[in-house]
Each structure stands twice: as C-alpha cells, then as structure tokens.
>>> print(open('work18.csv').read())   # CSV, N, CA and C atoms
chain,number,residue,atom,x,y,z
A,1,MET,N,-100.3,46.3,66.6
A,1,MET,CA,-99.0,46.9,66.6
A,1,MET,C,-98.2,46.5,65.3
A,2,ASP,N,-98.6,45.4,64.7
A,2,ASP,CA,-97.9,44.9,63.5
A,2,ASP,C,-98.2,45.9,62.4
A,3,GLY,N,-99.4,46.4,62.3
A,3,GLY,CA,-99.8,47.3,61.2
A,3,GLY,C,-99.0,48.6,61.4
A,4,TYR,N,-98.7,49.0,62.6
A,4,TYR,CA,-97.9,50.3,62.9
A,4,TYR,C,-96.5,50.1,62.4
A,5,ARG,N,-96.0,48.9,62.7
A,5,ARG,CA,-94.6,48.6,62.3
A,5,ARG,C,-94.4,48.6,60.8
A,6,ARG,N,-95.4,48.1,60.1
A,6,ARG,CA,-95.4,48.1,58.6
A,6,ARG,C,-95.5,49.5,58.1
A,7,PHE,N,-96.3,50.3,58.8
A,7,PHE,CA,-96.4,51.7,58.4
A,7,PHE,C,-95.1,52.4,58.6
A,8,GLN,N,-94.4,52.2,59.7
A,8,GLN,CA,-93.1,52.8,60.0
A,8,GLN,C,-92.1,52.4,58.9
A,9,ALA,N,-92.1,51.1,58.6
A,9,ALA,CA,-91.2,50.6,57.6
A,9,ALA,C,-91.4,51.2,56.2
A,10,ALA,N,-92.7,51.3,55.8
A,10,ALA,CA,-93.0,51.9,54.5
A,10,ALA,C,-92.7,53.3,54.5
A,11,LEU,N,-93.0,54.0,55.6
A,11,LEU,CA,-92.7,55.5,55.6
A,11,LEU,C,-91.2,55.7,55.5
A,12,THR,N,-90.4,54.9,56.2
A,12,THR,CA,-89.0,55.1,56.2
A,12,THR,C,-88.4,54.8,54.8
A,13,GLN,N,-88.8,53.6,54.3
A,13,GLN,CA,-88.3,53.3,52.9
A,13,GLN,C,-88.7,54.3,51.9
A,14,ARG,N,-89.9,54.7,51.8
A,14,ARG,CA,-90.3,55.6,50.8
A,14,ARG,C,-89.7,57.0,51.0
A,15,SER,N,-89.6,57.5,52.2
A,15,SER,CA,-89.1,58.8,52.4
A,15,SER,C,-87.6,58.8,52.1
A,16,LEU,N,-86.9,57.8,52.5
A,16,LEU,CA,-85.4,57.7,52.2
A,16,LEU,C,-85.2,57.5,50.7
A,17,ALA,N,-86.1,56.8,50.0
A,17,ALA,CA,-85.9,56.7,48.6
A,17,ALA,C,-86.1,58.0,47.8
A,18,VAL,N,-87.1,58.7,48.2
A,18,VAL,CA,-87.4,60.1,47.6
A,18,VAL,C,-86.2,61.0,48.0
A,19,ALA,N,-85.7,60.9,49.2
A,19,ALA,CA,-84.6,61.8,49.6
A,19,ALA,C,-83.3,61.4,48.8
A,20,ALA,N,-83.1,60.2,48.7
A,20,ALA,CA,-81.8,59.7,48.0
A,20,ALA,C,-81.9,60.1,46.5
A,21,LEU,N,-83.1,60.0,45.9
A,21,LEU,CA,-83.2,60.4,44.5
A,21,LEU,C,-83.0,61.9,44.3
A,22,ALA,N,-83.7,62.7,45.2
A,22,ALA,CA,-83.5,64.1,45.1
A,22,ALA,C,-82.1,64.6,45.4
A,23,ALA,N,-81.5,64.0,46.4
A,23,ALA,CA,-80.1,64.3,46.7
A,23,ALA,C,-79.2,64.0,45.6
A,24,GLY,N,-79.4,62.8,45.0
A,24,GLY,CA,-78.6,62.4,43.8
A,24,GLY,C,-78.7,63.4,42.7
A,25,LEU,N,-79.9,63.9,42.4
A,25,LEU,CA,-80.1,64.9,41.4
A,25,LEU,C,-79.4,66.2,41.7
A,26,LEU,N,-79.5,66.6,43.0
A,26,LEU,CA,-78.8,67.8,43.4
A,26,LEU,C,-77.3,67.7,43.3
A,27,ALA,N,-76.8,66.5,43.7
A,27,ALA,CA,-75.4,66.3,43.6
A,27,ALA,C,-74.9,66.3,42.2
A,28,LEU,N,-75.7,65.8,41.2
A,28,LEU,CA,-75.3,65.9,39.8
A,28,LEU,C,-75.2,67.3,39.3
A,29,THR,N,-75.9,68.2,39.9
A,29,THR,CA,-75.8,69.6,39.5
A,29,THR,C,-74.8,70.4,40.3
A,30,ASP,N,-73.9,69.7,40.9
A,30,ASP,CA,-72.8,70.3,41.7
A,30,ASP,C,-73.3,71.2,42.9
A,31,ARG,N,-74.4,70.7,43.5
A,31,ARG,CA,-74.9,71.3,44.7
A,31,ARG,C,-74.7,70.3,45.9
A,32,ARG,N,-73.5,70.0,46.2
A,32,ARG,CA,-73.2,69.0,47.2
A,32,ARG,C,-73.7,69.4,48.6
A,33,LEU,N,-73.6,70.6,49.0
A,33,LEU,CA,-74.1,71.0,50.3
A,33,LEU,C,-75.6,70.9,50.4
A,34,SER,N,-76.2,71.3,49.3
A,34,SER,CA,-77.7,71.2,49.2
A,34,SER,C,-78.2,69.8,49.3
A,35,ALA,N,-77.4,68.9,48.6
A,35,ALA,CA,-77.8,67.4,48.7
A,35,ALA,C,-77.6,66.9,50.1
A,36,GLU,N,-76.5,67.3,50.8
A,36,GLU,CA,-76.4,66.9,52.1
A,36,GLU,C,-77.5,67.4,53.0
A,37,ALA,N,-77.8,68.7,52.8
A,37,ALA,CA,-78.9,69.3,53.6
A,37,ALA,C,-80.2,68.6,53.4
A,38,PHE,N,-80.5,68.2,52.2
A,38,PHE,CA,-81.7,67.5,51.9
A,38,PHE,C,-81.8,66.1,52.6
A,39,ILE,N,-80.7,65.4,52.6
A,39,ILE,CA,-80.6,64.1,53.4
A,39,ILE,C,-80.8,64.4,54.9
A,40,VAL,N,-80.1,65.4,55.4
A,40,VAL,CA,-80.2,65.7,56.8
A,40,VAL,C,-81.6,66.1,57.2
A,41,GLY,N,-82.2,66.9,56.3
A,41,GLY,CA,-83.6,67.3,56.6
A,41,GLY,C,-84.6,66.2,56.6
A,42,SER,N,-84.3,65.2,55.7
A,42,SER,CA,-85.2,64.0,55.7
A,42,SER,C,-85.0,63.2,56.9
A,43,ALA,N,-83.8,63.0,57.3
A,43,ALA,CA,-83.5,62.3,58.5
A,43,ALA,C,-84.1,62.9,59.8
A,44,VAL,N,-83.9,64.2,59.9
A,44,VAL,CA,-84.5,65.0,61.0
A,44,VAL,C,-86.0,64.9,61.0
A,45,GLY,N,-86.6,65.0,59.8
A,45,GLY,CA,-88.0,64.9,59.6
A,45,GLY,C,-88.6,63.5,60.0
A,46,LEU,N,-87.9,62.5,59.6
A,46,LEU,CA,-88.3,61.1,60.0
A,46,LEU,C,-88.2,61.0,61.6
A,47,ALA,N,-87.1,61.4,62.1
A,47,ALA,CA,-86.9,61.3,63.6
A,47,ALA,C,-88.0,62.1,64.3
A,48,ALA,N,-88.3,63.2,63.8
A,48,ALA,CA,-89.4,64.0,64.4
A,48,ALA,C,-90.7,63.3,64.4
A,49,ILE,N,-91.0,62.8,63.2
A,49,ILE,CA,-92.3,62.1,63.1
A,49,ILE,C,-92.4,60.9,64.1
A,50,PHE,N,-91.3,60.1,64.1
A,50,PHE,CA,-91.4,58.9,65.0
A,50,PHE,C,-91.3,59.3,66.5
A,51,HIS,N,-90.6,60.4,66.8
A,51,HIS,CA,-90.5,60.9,68.2
A,51,HIS,C,-91.9,61.4,68.6
A,52,ILE,N,-92.5,62.1,67.8
A,52,ILE,CA,-93.9,62.7,68.1
A,52,ILE,C,-94.8,61.5,68.4
A,53,GLY,N,-94.8,60.5,67.5
A,53,GLY,CA,-95.7,59.3,67.7
A,53,GLY,C,-95.4,58.6,69.0
A,54,THR,N,-94.1,58.4,69.3
A,54,THR,CA,-93.8,57.7,70.5
A,54,THR,C,-94.1,58.5,71.7
A,55,SER,N,-93.9,59.8,71.7
A,55,SER,CA,-94.2,60.6,72.8
A,55,SER,C,-95.7,60.7,73.1
A,56,PHE,N,-96.4,60.8,72.0
A,56,PHE,CA,-97.9,60.9,72.1
A,56,PHE,C,-98.4,59.6,72.7
A,57,ASN,N,-97.9,58.4,72.3
A,57,ASN,CA,-98.3,57.2,72.8
A,57,ASN,C,-98.0,57.0,74.3
A,58,ARG,N,-96.8,57.5,74.7
A,58,ARG,CA,-96.5,57.4,76.1
A,58,ARG,C,-97.4,58.4,76.9
A,59,LEU,N,-97.7,59.5,76.4
A,59,LEU,CA,-98.5,60.5,77.1
A,59,LEU,C,-99.9,59.9,77.3
A,60,LEU,N,-100.4,59.2,76.3
A,60,LEU,CA,-101.8,58.6,76.4
A,60,LEU,C,-101.8,57.5,77.4
A,61,ASN,N,-100.7,56.7,77.5
A,61,ASN,CA,-100.6,55.6,78.5
A,61,ASN,C,-100.5,56.0,79.9
A,62,ARG,N,-99.6,57.0,80.2
A,62,ARG,CA,-99.4,57.5,81.5
A,62,ARG,C,-99.3,59.0,81.5
A,63,PRO,N,-100.4,59.7,81.4
A,63,PRO,CA,-100.4,61.1,81.3
A,63,PRO,C,-99.8,61.9,82.4
A,64,SER,N,-100.1,61.5,83.6
A,64,SER,CA,-99.6,62.4,84.8
A,64,SER,C,-98.1,62.2,85.1
A,65,ARG,N,-97.6,61.0,84.9
A,65,ARG,CA,-96.2,60.7,85.3
A,65,ARG,C,-95.2,61.2,84.3
A,66,ARG,N,-95.6,61.4,83.0
A,66,ARG,CA,-94.7,61.7,82.0
A,66,ARG,C,-94.9,63.1,81.4
A,67,LEU,N,-95.7,63.9,81.9
A,67,LEU,CA,-96.0,65.2,81.3
A,67,LEU,C,-94.8,66.1,81.3
A,68,LEU,N,-94.0,66.2,82.4
A,68,LEU,CA,-92.8,67.0,82.4
A,68,LEU,C,-91.8,66.5,81.4
A,69,LEU,N,-91.6,65.2,81.3
A,69,LEU,CA,-90.7,64.6,80.4
A,69,LEU,C,-91.1,64.9,78.9
A,70,TYR,N,-92.4,64.8,78.7
A,70,TYR,CA,-93.0,65.0,77.4
A,70,TYR,C,-92.7,66.5,76.9
A,71,MET,N,-92.9,67.4,77.9
A,71,MET,CA,-92.7,68.8,77.5
A,71,MET,C,-91.2,69.1,77.2
A,72,GLY,N,-90.3,68.5,78.0
A,72,GLY,CA,-88.9,68.6,77.8
A,72,GLY,C,-88.4,68.0,76.5
A,73,GLU,N,-88.9,66.9,76.2
A,73,GLU,CA,-88.6,66.2,74.9
A,73,GLU,C,-89.1,67.1,73.7
A,74,SER,N,-90.3,67.6,73.8
A,74,SER,CA,-90.8,68.4,72.8
A,74,SER,C,-90.0,69.7,72.5
A,75,LEU,N,-89.6,70.3,73.6
A,75,LEU,CA,-88.7,71.5,73.5
A,75,LEU,C,-87.4,71.1,72.8
A,76,LEU,N,-86.8,70.0,73.3
A,76,LEU,CA,-85.5,69.6,72.7
A,76,LEU,C,-85.7,69.3,71.2
A,77,ARG,N,-86.8,68.6,70.8
A,77,ARG,CA,-87.1,68.3,69.4
A,77,ARG,C,-87.2,69.6,68.6
A,78,VAL,N,-87.9,70.6,69.1
A,78,VAL,CA,-88.0,71.9,68.3
A,78,VAL,C,-86.6,72.6,68.2
A,79,LEU,N,-85.8,72.5,69.3
A,79,LEU,CA,-84.5,73.2,69.3
A,79,LEU,C,-83.6,72.5,68.3
A,80,ILE,N,-83.6,71.2,68.2
A,80,ILE,CA,-82.8,70.4,67.3
A,80,ILE,C,-83.2,70.7,65.8
A,81,ALA,N,-84.5,70.6,65.6
A,81,ALA,CA,-85.0,70.8,64.2
A,81,ALA,C,-84.8,72.3,63.8
A,82,GLY,N,-84.8,73.2,64.7
A,82,GLY,CA,-84.6,74.6,64.4
A,82,GLY,C,-83.1,75.0,64.3
A,83,ALA,N,-82.2,74.3,65.0
A,83,ALA,CA,-80.8,74.6,65.1
A,83,ALA,C,-80.1,74.2,63.8
A,84,VAL,N,-80.5,73.1,63.2
A,84,VAL,CA,-79.9,72.6,62.0
A,84,VAL,C,-80.0,73.5,60.9
A,85,PRO,N,-81.1,74.1,60.5
A,85,PRO,CA,-81.2,75.0,59.4
A,85,PRO,C,-80.4,76.3,59.7
A,86,VAL,N,-80.3,76.8,60.9
A,86,VAL,CA,-79.5,78.0,61.2
A,86,VAL,C,-78.1,77.7,61.0
A,87,TRP,N,-77.6,76.5,61.3
A,87,TRP,CA,-76.2,76.1,61.1
A,87,TRP,C,-76.0,76.0,59.6
A,88,LEU,N,-76.9,75.5,58.8
A,88,LEU,CA,-76.8,75.4,57.4
A,88,LEU,C,-76.7,76.7,56.7
A,89,VAL,N,-77.5,77.7,57.2
A,89,VAL,CA,-77.5,79.0,56.6
A,89,VAL,C,-76.1,79.7,56.8
A,90,GLY,N,-75.6,79.5,58.0
A,90,GLY,CA,-74.3,80.0,58.4
A,90,GLY,C,-73.1,79.4,57.6
A,91,LYS,N,-73.3,78.1,57.2
A,91,LYS,CA,-72.3,77.4,56.5
A,91,LYS,C,-72.3,77.6,55.0
A,92,GLY,N,-73.4,77.7,54.4
A,92,GLY,CA,-73.4,77.7,53.0
A,92,GLY,C,-74.5,78.6,52.4
A,93,PRO,N,-74.9,78.3,51.1
A,93,PRO,CA,-75.8,79.1,50.4
A,93,PRO,C,-77.2,78.9,50.9
A,94,ALA,N,-78.1,79.8,50.5
A,94,ALA,CA,-79.5,79.7,50.9
A,94,ALA,C,-80.2,78.5,50.3
A,95,SER,N,-79.7,78.0,49.2
A,95,SER,CA,-80.3,76.8,48.6
A,95,SER,C,-80.2,75.6,49.5
A,96,ALA,N,-79.1,75.6,50.4
A,96,ALA,CA,-79.0,74.5,51.4
A,96,ALA,C,-80.1,74.6,52.4
A,97,TYR,N,-80.5,75.8,52.8
A,97,TYR,CA,-81.6,76.0,53.8
A,97,TYR,C,-82.9,75.5,53.1
A,98,LEU,N,-83.1,75.9,51.9
A,98,LEU,CA,-84.3,75.5,51.2
A,98,LEU,C,-84.4,74.0,51.0
A,99,ALA,N,-83.2,73.4,50.7
A,99,ALA,CA,-83.2,71.9,50.6
A,99,ALA,C,-83.5,71.2,51.9
A,100,TYR,N,-83.0,71.8,53.0
A,100,TYR,CA,-83.3,71.2,54.3
A,100,TYR,C,-84.7,71.2,54.6
A,101,ILE,N,-85.4,72.4,54.4
A,101,ILE,CA,-86.8,72.5,54.6
A,101,ILE,C,-87.6,71.5,53.8
A,102,VAL,N,-87.3,71.4,52.5
A,102,VAL,CA,-88.0,70.5,51.6
A,102,VAL,C,-87.8,69.1,52.1
A,103,GLY,N,-86.5,68.7,52.5
A,103,GLY,CA,-86.2,67.4,53.0
A,103,GLY,C,-86.9,67.1,54.3
A,104,PHE,N,-87.1,68.1,55.1
A,104,PHE,CA,-87.8,67.9,56.4
A,104,PHE,C,-89.3,67.6,56.1
A,105,VAL,N,-89.9,68.2,55.1
A,105,VAL,CA,-91.3,68.1,54.8
A,105,VAL,C,-91.6,66.8,54.0
A,106,ILE,N,-90.6,66.2,53.3
A,106,ILE,CA,-90.9,65.0,52.5
A,106,ILE,C,-91.5,63.9,53.3
A,107,PRO,N,-90.9,63.5,54.5
A,107,PRO,CA,-91.5,62.5,55.3
A,107,PRO,C,-93.0,62.8,55.7
A,108,LEU,N,-93.3,64.0,55.9
A,108,LEU,CA,-94.7,64.4,56.3
A,108,LEU,C,-95.6,64.1,55.1
A,109,ALA,N,-95.1,64.5,53.9
A,109,ALA,CA,-95.9,64.2,52.7
A,109,ALA,C,-96.1,62.7,52.4
A,110,VAL,N,-95.0,62.0,52.6
A,110,VAL,CA,-95.1,60.5,52.4
A,110,VAL,C,-96.0,59.9,53.4
A,111,ALA,N,-96.0,60.4,54.6
A,111,ALA,CA,-96.9,59.9,55.7
A,111,ALA,C,-98.4,60.2,55.3
A,112,ALA,N,-98.6,61.4,54.8
A,112,ALA,CA,-100.0,61.7,54.4
A,112,ALA,C,-100.5,60.8,53.3
A,113,VAL,N,-99.6,60.5,52.3
A,113,VAL,CA,-100.0,59.6,51.2
A,113,VAL,C,-100.3,58.2,51.8
A,114,LEU,N,-99.4,57.7,52.6
A,114,LEU,CA,-99.6,56.4,53.2
A,114,LEU,C,-100.9,56.3,54.0
A,115,VAL,N,-101.2,57.3,54.8
A,115,VAL,CA,-102.4,57.3,55.6
A,115,VAL,C,-103.6,57.3,54.7
A,116,ARG,N,-103.5,58.1,53.6
A,116,ARG,CA,-104.6,58.1,52.7
A,116,ARG,C,-104.8,56.7,52.0
A,117,GLN,N,-103.7,56.1,51.6
A,117,GLN,CA,-103.8,54.8,51.0
A,117,GLN,C,-104.4,53.8,52.0
A,118,HIS,N,-104.1,53.9,53.3
A,118,HIS,CA,-104.6,53.0,54.3
A,118,HIS,C,-106.1,53.2,54.5
A,119,MET,N,-106.5,54.5,54.4
A,119,MET,CA,-107.9,54.8,54.7
A,119,MET,C,-108.8,54.3,53.5
A,120,HIS,N,-108.3,54.3,52.3
A,120,HIS,CA,-109.0,54.0,51.1
A,120,HIS,C,-108.2,52.9,50.3
A,121,PRO,N,-108.1,51.7,50.8
A,121,PRO,CA,-107.3,50.7,50.1
A,121,PRO,C,-107.9,50.3,48.8
A,122,ASP,N,-109.2,50.3,48.6
A,122,ASP,CA,-109.7,49.9,47.4
A,122,ASP,C,-109.4,50.9,46.2
A,123,ARG,N,-109.3,52.2,46.6
A,123,ARG,CA,-109.0,53.2,45.6
A,123,ARG,C,-107.6,53.1,45.1
A,124,TYR,N,-106.6,52.6,45.9
A,124,TYR,CA,-105.2,52.6,45.6
A,124,TYR,C,-104.7,51.2,45.4
A,125,ALA,N,-105.6,50.2,45.3
A,125,ALA,CA,-105.1,48.8,45.1
A,125,ALA,C,-104.5,48.6,43.8
A,126,MET,N,-103.5,47.8,43.8
A,126,MET,CA,-102.9,47.4,42.5
A,126,MET,C,-103.6,46.1,42.0
A,127,THR,N,-104.5,46.3,41.1
A,127,THR,CA,-105.3,45.2,40.6
A,127,THR,C,-105.0,44.9,39.2
A,128,ASP,N,-105.2,43.7,38.8
A,128,ASP,CA,-104.9,43.3,37.4
A,128,ASP,C,-106.2,43.4,36.7
A,129,THR,N,-106.2,44.3,35.7
A,129,THR,CA,-107.5,44.6,34.9
A,129,THR,C,-107.5,43.8,33.6
A,130,ARG,N,-106.5,43.0,33.4
A,130,ARG,CA,-106.5,42.2,32.1
A,130,ARG,C,-107.3,40.9,32.3
A,131,SER,N,-108.6,41.0,32.0
A,131,SER,CA,-109.4,39.8,32.2
A,131,SER,C,-110.1,39.4,30.9
>>> encode(input="work18.csv", output="structure tokens")
Amino acid sequence: MDGYRRFQAALTQRSLAVAALAAGLLALTDRRLSAEAFIVGSAVGLAAIFHIGTSFNRLLNRPSRRLLLYMGESLLRVLIAGAVPVWLVGKGPASAYLAYIVGFVIPLAVAAVLVRQHMHPDRYAMTDTRS
C-alpha cells in the first residue's frame, strides 16, 4: 500500500505542477477563464482517477454487496465530469472548454508516464555518468 500512496502523491504533485504552469501561461495571455477552466479540469481529472481506483478496489474486495453503489457512483462521476464543461461553454468562450478538456486529460497523461517509469525503472533512472 505504501507504493500506491507514493504513486498518488507523485501523480498529484506532477499533475498540479503542470496545471499550474499551463494556467499561469494562460493567465499571462489574458485568458483568465481558460486558466480557471484548466485548473478545474485538472482537479476533476485527478478526482476521477482516484475515485475510479478506489471504486475498483472496493468492487474487487466485496463485489456483490457494493455493485449498486458502484454503478451509482460511476453515473454521478460521469454526470459531474460532463456537466462542468457544459457550464463552461455557457459561461465563456470555446477556449475555456478546450482548456477544461486538456486539463482533464493531463492527470491521465501524467499517470501513464508514472506507470511507465514504474514498469521500467532502469530506463528512467537518474544515474550519475561522470565516472
């Protein structure tokens, strides 16, 4: 379980760092709503990833008792993740919608990189080659 907690911490830190950097660049170009949408997209994406993992773990541990709860939580997750971009499109420009979608996908991309680094640690090791 300790390895999973380290993975969660690394995923959260790296995703939020990328989101903050991108939102800062958007804010510098006077796209404040797009910057906010990017941050919201990243937060919803992180919450979705962690919720999927937690729900899947619960489903594996007690499949028959929690199946209805799992289906309800999944539906709620999809509704929340789908309602936010609709609200953004109604509130502002299309660039805010695009920023939300990109922000939502950033945690998935960071997770893919972290899993790849975990699967091949020798390929991505930070070694000192000055010998």
>>> axis_aligned_box(input="work18.csv", around="segment 101-106 of chain A", padding_each_side="3 Å", output="AutoDock Vina command-line options")
--center_x -88.5 --center_y 68.2 --center_z 54.0 --size_x 12.2 --size_y 14.6 --size_z 10.8
>>> closest_residue(input="work18.csv", among="A:Val40, A:Tyr97, A:Phe7, A:Ala48", to="Arg77 of chain A", atoms="all atoms listed in the file")
A:Ala48
>>> closest_residue(input="work18.csv", among="A:Asp122, A:Glu73, A:Asp30, A:Glu36", to="Thr54 of chain A", atoms="only C-alpha atoms")
A:Glu73
>>> residues_around(input="work18.csv", residues="segment 15-20 of chain A", least_positions_apart="3", cutoff="7 Å", atoms="only N, CA and C atoms", output="VMD selection string")
chain A and resid 10 to 12 23 to 25 38 to 39 42 103 106 to 107 110
>>> residues_near_point(input="work18.csv", point="(-84.6, 71.2, 54.4)", cutoff="6.5 Å", atoms="only N, CA and C atoms", output="list in words")
Ala37, Phe38, Gly41, Ser42, Ala96, Tyr97, Leu98, Ala99, Tyr100, Ile101, Val102, Gly103, Phe104 and Val105 of chain A
>>> closest_residue(input="work18.csv", among="A:Leu114, A:Thr29, A:Ile80, A:Arg58", to="Gln8 of chain A", atoms="only C-alpha atoms")
A:Leu114
>>> atom_distance(input="work18.csv", atom1="atom N of Leu21 of chain A", atom2="atom N of Ala43 of chain A")
11.8 Å
>>> atom_distance(input="work18.csv", atom1="atom CA of Ala111 of chain A", atom2="atom C of Ser74 of chain A")
20.6 Å
>>> decode(input="work18.csv", residues="segment 43-100 of chain A", atoms="C-alpha atoms", output="compact mmCIF listing (two decimals), in the first residue's frame")
# COMPACT_ATOMS: atom_id res chain seq x y z
CA ALA A 43 -8.86 18.86 -10.37
CA VAL A 44 -11.84 16.96 -11.81
CA GLY A 45 -9.46 14.67 -13.72
CA LEU A 46 -7.48 13.88 -10.57
CA ALA A 47 -10.65 13.28 -8.59
CA ALA A 48 -11.95 10.98 -11.34
CA ILE A 49 -8.74 8.95 -11.42
CA PHE A 50 -8.65 8.48 -7.65
CA HIS A 51 -12.37 7.74 -7.49
CA ILE A 52 -12.11 5.11 -10.23
CA GLY A 53 -9.21 3.45 -8.41
CA THR A 54 -10.99 3.46 -5.06
CA SER A 55 -14.25 2.20 -6.54
CA PHE A 56 -12.49 -0.57 -8.43
CA ASN A 57 -10.68 -1.64 -5.28
CA ARG A 58 -13.95 -1.77 -3.33
CA LEU A 59 -15.61 -3.71 -6.15
CA LEU A 60 -12.82 -6.30 -6.09
CA ASN A 61 -12.99 -6.70 -2.31
CA ARG A 62 -16.79 -7.07 -2.00
CA PRO A 63 -18.30 -7.41 -5.45
CA SER A 64 -21.86 -8.44 -4.59
CA ARG A 65 -22.55 -6.00 -1.76
CA ARG A 66 -21.31 -2.86 -3.46
CA LEU A 67 -22.35 -3.32 -7.09
CA LEU A 68 -25.36 -0.98 -6.95
CA LEU A 69 -23.34 1.67 -5.10
CA TYR A 70 -20.54 1.31 -7.64
CA MET A 71 -22.96 1.86 -10.53
CA GLY A 72 -24.48 4.92 -8.85
CA GLU A 73 -21.06 6.42 -8.11
CA SER A 74 -19.96 5.83 -11.70
CA LEU A 75 -23.05 7.57 -13.04
CA LEU A 76 -22.54 10.50 -10.68
CA ARG A 77 -18.86 10.77 -11.71
CA VAL A 78 -19.79 10.88 -15.40
CA LEU A 79 -22.51 13.48 -14.76
CA ILE A 80 -20.16 15.75 -12.82
CA ALA A 81 -17.33 15.41 -15.32
CA GLY A 82 -19.80 16.10 -18.14
CA ALA A 83 -21.72 18.95 -16.50
CA VAL A 84 -18.69 21.14 -15.82
CA PRO A 85 -17.71 21.63 -19.49
CA VAL A 86 -21.33 22.34 -20.44
CA TRP A 87 -21.40 25.05 -17.77
CA LEU A 88 -18.10 26.46 -19.06
CA VAL A 89 -19.35 26.63 -22.65
CA GLY A 90 -22.42 28.52 -21.47
CA LYS A 91 -20.32 30.91 -19.39
CA GLY A 92 -17.50 31.79 -21.71
CA PRO A 93 -15.58 31.24 -24.91
CA ALA A 94 -14.88 27.90 -26.54
CA SER A 95 -11.25 28.17 -25.49
CA ALA A 96 -12.39 27.60 -21.89
CA TYR A 97 -14.00 24.32 -22.95
CA LEU A 98 -10.82 23.25 -24.73
CA ALA A 99 -8.73 24.22 -21.70
CA TYR A 100 -11.00 22.13 -19.45
